[in-house]
Amino acid sequence: MINTTVNLDQIDFTETDPGDLLESIRIRGIAIPVQVLRSQDRFVCVDGNKRLTACRLLRNEKPGVDRVPVFIKGDYSKAGCAFWGPKNHH
């Protein structure tokens, strides 16, 4: 899993009612990164549709909310061969 930030416009997600998250993100920002999968040059939300919807609603009001902290699931591209350890020889 890679932990980074991504522009909100690069993430495909389903808009849902953010409920209480809207006010929380307005005050504190996103506390828990959104989980995404890489899909060519974009990302697909796996967990965090409410957080992303809140960010979209707040983007004109709160500076910086258009950069979203994400965990990119299943992306081992930056892990290198040492990631798998010395005993993996296939």
# chains A, B, ... in the order shown; residues from 1 in each chain; ligands from 1

call {"tool": "residues_around", "arguments": {"residues": "segment 40-52 of chain A", "least_positions_apart": "6", "cutoff": "10 Å", "atoms": "only C-alpha atoms", "output": "MDAnalysis selection string"}}
result
chainID A and resid 6:22 24:25 29:34 58 65:66 68 70:73

call {"tool": "select_by_dssp", "arguments": {"residues": "segment 2-53 of chain A", "states": "helix (DSSP H, G or I)", "output": "PyMOL selection string"}}
result
chain A and resi 8-10+21-28+49-53

call {"tool": "write_last_selection", "arguments": {"atoms": "all heavy atoms", "output": "CSV table (one decimal), in the first residue's frame"}}
result
chain,number,residue,atom,x,y,z
A,8,LEU,N,-8.2,15.5,-6.2
A,8,LEU,CA,-9.6,15.1,-6.2
A,8,LEU,C,-10.2,14.7,-7.6
A,8,LEU,O,-10.9,13.7,-7.7
A,8,LEU,CB,-10.5,16.1,-5.5
A,8,LEU,CG,-12.0,15.8,-5.3
A,8,LEU,CD1,-12.2,14.6,-4.4
A,8,LEU,CD2,-12.7,17.0,-4.7
A,9,ASP,N,-9.8,15.5,-8.6
A,9,ASP,CA,-10.3,15.3,-9.9
A,9,ASP,C,-9.7,14.0,-10.6
A,9,ASP,O,-10.2,13.5,-11.6
A,9,ASP,CB,-9.9,16.4,-10.8
A,9,ASP,CG,-10.7,17.7,-10.4
A,9,ASP,OD1,-11.8,17.6,-9.8
A,9,ASP,OD2,-10.2,18.8,-10.6
A,10,GLN,N,-8.7,13.3,-10.0
A,10,GLN,CA,-8.2,12.1,-10.5
A,10,GLN,C,-8.9,10.9,-9.9
A,10,GLN,O,-8.5,9.8,-10.3
A,10,GLN,CB,-6.7,12.0,-10.2
A,10,GLN,CG,-5.9,13.0,-11.0
A,10,GLN,CD,-4.4,12.9,-10.6
A,10,GLN,OE1,-4.0,13.3,-9.5
A,10,GLN,NE2,-3.7,12.3,-11.5
A,21,LEU,N,-19.8,14.2,8.3
A,21,LEU,CA,-18.4,14.4,7.9
A,21,LEU,C,-18.1,15.7,7.2
A,21,LEU,O,-17.0,16.2,7.3
A,21,LEU,CB,-18.1,13.3,6.8
A,21,LEU,CG,-17.7,11.9,7.4
A,21,LEU,CD1,-17.5,10.9,6.2
A,21,LEU,CD2,-16.5,12.0,8.2
A,22,LEU,N,-19.1,16.3,6.7
A,22,LEU,CA,-19.0,17.6,6.0
A,22,LEU,C,-18.4,18.6,7.0
A,22,LEU,O,-17.4,19.3,6.7
A,22,LEU,CB,-20.3,18.1,5.4
A,22,LEU,CG,-20.2,19.4,4.6
A,22,LEU,CD1,-19.3,19.2,3.4
A,22,LEU,CD2,-21.6,19.9,4.2
A,23,GLU,N,-19.0,18.8,8.2
A,23,GLU,CA,-18.6,19.7,9.2
A,23,GLU,C,-17.2,19.3,9.7
A,23,GLU,O,-16.3,20.2,10.0
A,23,GLU,CB,-19.6,19.9,10.3
A,23,GLU,CG,-19.3,21.0,11.2
A,23,GLU,CD,-19.2,22.4,10.5
A,23,GLU,OE1,-19.8,22.6,9.5
A,23,GLU,OE2,-18.5,23.3,11.1
A,24,SER,N,-17.0,18.0,9.9
A,24,SER,CA,-15.7,17.6,10.5
A,24,SER,C,-14.6,17.9,9.5
A,24,SER,O,-13.5,18.3,9.9
A,24,SER,CB,-15.8,16.0,10.7
A,24,SER,OG,-14.6,15.5,11.1
A,25,ILE,N,-14.8,17.6,8.2
A,25,ILE,CA,-13.7,17.9,7.3
A,25,ILE,C,-13.6,19.4,7.1
A,25,ILE,O,-12.5,19.8,6.9
A,25,ILE,CB,-14.0,17.1,5.9
A,25,ILE,CG1,-13.9,15.6,6.2
A,25,ILE,CG2,-13.2,17.6,4.8
A,25,ILE,CD1,-14.3,14.8,5.0
A,26,ARG,N,-14.6,20.1,7.2
A,26,ARG,CA,-14.5,21.6,7.1
A,26,ARG,C,-13.6,22.1,8.2
A,26,ARG,O,-12.7,23.0,8.0
A,26,ARG,CB,-15.9,22.2,7.3
A,26,ARG,CG,-15.8,23.8,7.3
A,26,ARG,CD,-17.2,24.4,7.5
A,26,ARG,NE,-17.9,24.4,6.2
A,26,ARG,CZ,-19.1,23.8,5.9
A,26,ARG,NH1,-19.8,23.3,6.9
A,26,ARG,NH2,-19.6,23.9,4.8
A,27,ILE,N,-13.7,21.5,9.4
A,27,ILE,CA,-12.9,22.0,10.5
A,27,ILE,C,-11.5,21.4,10.5
A,27,ILE,O,-10.5,22.1,10.7
A,27,ILE,CB,-13.6,21.6,11.9
A,27,ILE,CG1,-14.9,22.4,12.0
A,27,ILE,CG2,-12.7,21.9,13.1
A,27,ILE,CD1,-15.8,22.0,13.1
A,28,ARG,N,-11.4,20.0,10.4
A,28,ARG,CA,-10.1,19.3,10.6
A,28,ARG,C,-9.4,18.8,9.3
A,28,ARG,O,-8.3,18.4,9.3
A,28,ARG,CB,-10.4,18.1,11.5
A,28,ARG,CG,-10.8,18.5,12.8
A,28,ARG,CD,-11.1,17.2,13.7
A,28,ARG,NE,-12.0,17.6,14.8
A,28,ARG,CZ,-13.3,17.7,14.8
A,28,ARG,NH1,-14.0,17.5,13.7
A,28,ARG,NH2,-13.9,18.0,15.9
A,49,ASN,N,-16.2,7.3,-0.1
A,49,ASN,CA,-17.1,8.1,-0.9
A,49,ASN,C,-17.6,9.3,-0.2
A,49,ASN,O,-17.7,10.4,-0.8
A,49,ASN,CB,-18.2,7.2,-1.5
A,49,ASN,CG,-17.7,6.2,-2.5
A,49,ASN,OD1,-17.1,6.6,-3.5
A,49,ASN,ND2,-18.1,5.0,-2.4
A,50,LYS,N,-18.0,9.1,1.1
A,50,LYS,CA,-18.5,10.3,1.8
A,50,LYS,C,-17.4,11.4,2.0
A,50,LYS,O,-17.7,12.5,1.9
A,50,LYS,CB,-19.0,9.8,3.2
A,50,LYS,CG,-20.3,9.0,3.1
A,50,LYS,CD,-20.7,8.6,4.5
A,50,LYS,CE,-22.0,7.8,4.5
A,50,LYS,NZ,-22.5,7.5,5.8
A,51,ARG,N,-16.2,10.9,2.3
A,51,ARG,CA,-15.1,11.9,2.5
A,51,ARG,C,-14.9,12.7,1.2
A,51,ARG,O,-14.7,13.9,1.2
A,51,ARG,CB,-13.9,11.2,3.0
A,51,ARG,CG,-13.9,10.8,4.4
A,51,ARG,CD,-12.8,9.9,4.8
A,51,ARG,NE,-13.2,8.5,4.5
A,51,ARG,CZ,-12.4,7.5,4.5
A,51,ARG,NH1,-11.1,7.6,4.9
A,51,ARG,NH2,-12.8,6.3,4.2
A,52,LEU,N,-14.9,11.9,0.1
A,52,LEU,CA,-14.6,12.6,-1.2
A,52,LEU,C,-15.7,13.5,-1.6
A,52,LEU,O,-15.5,14.6,-2.1
A,52,LEU,CB,-14.4,11.5,-2.3
A,52,LEU,CG,-13.1,10.7,-2.1
A,52,LEU,CD1,-13.1,9.6,-3.1
A,52,LEU,CD2,-11.9,11.6,-2.2
A,53,THR,N,-17.0,13.1,-1.3
A,53,THR,CA,-18.1,14.0,-1.6
A,53,THR,C,-18.0,15.3,-0.7
A,53,THR,O,-18.2,16.4,-1.3
A,53,THR,CB,-19.4,13.3,-1.3
A,53,THR,OG1,-19.5,12.1,-2.1
A,53,THR,CG2,-20.6,14.2,-1.5

call {"tool": "atom_distance", "arguments": {"atom1": "atom CA of Ser39 of chain A", "atom2": "atom CA of Pro69 of chain A"}}
result
17.1 Å

call {"tool": "select_by_dssp", "arguments": {"residues": "chain A", "states": "strand (DSSP E)", "output": "PyMOL selection string"}}
result
chain A and resi 2-7+11-12+34-39+42-47+67-72
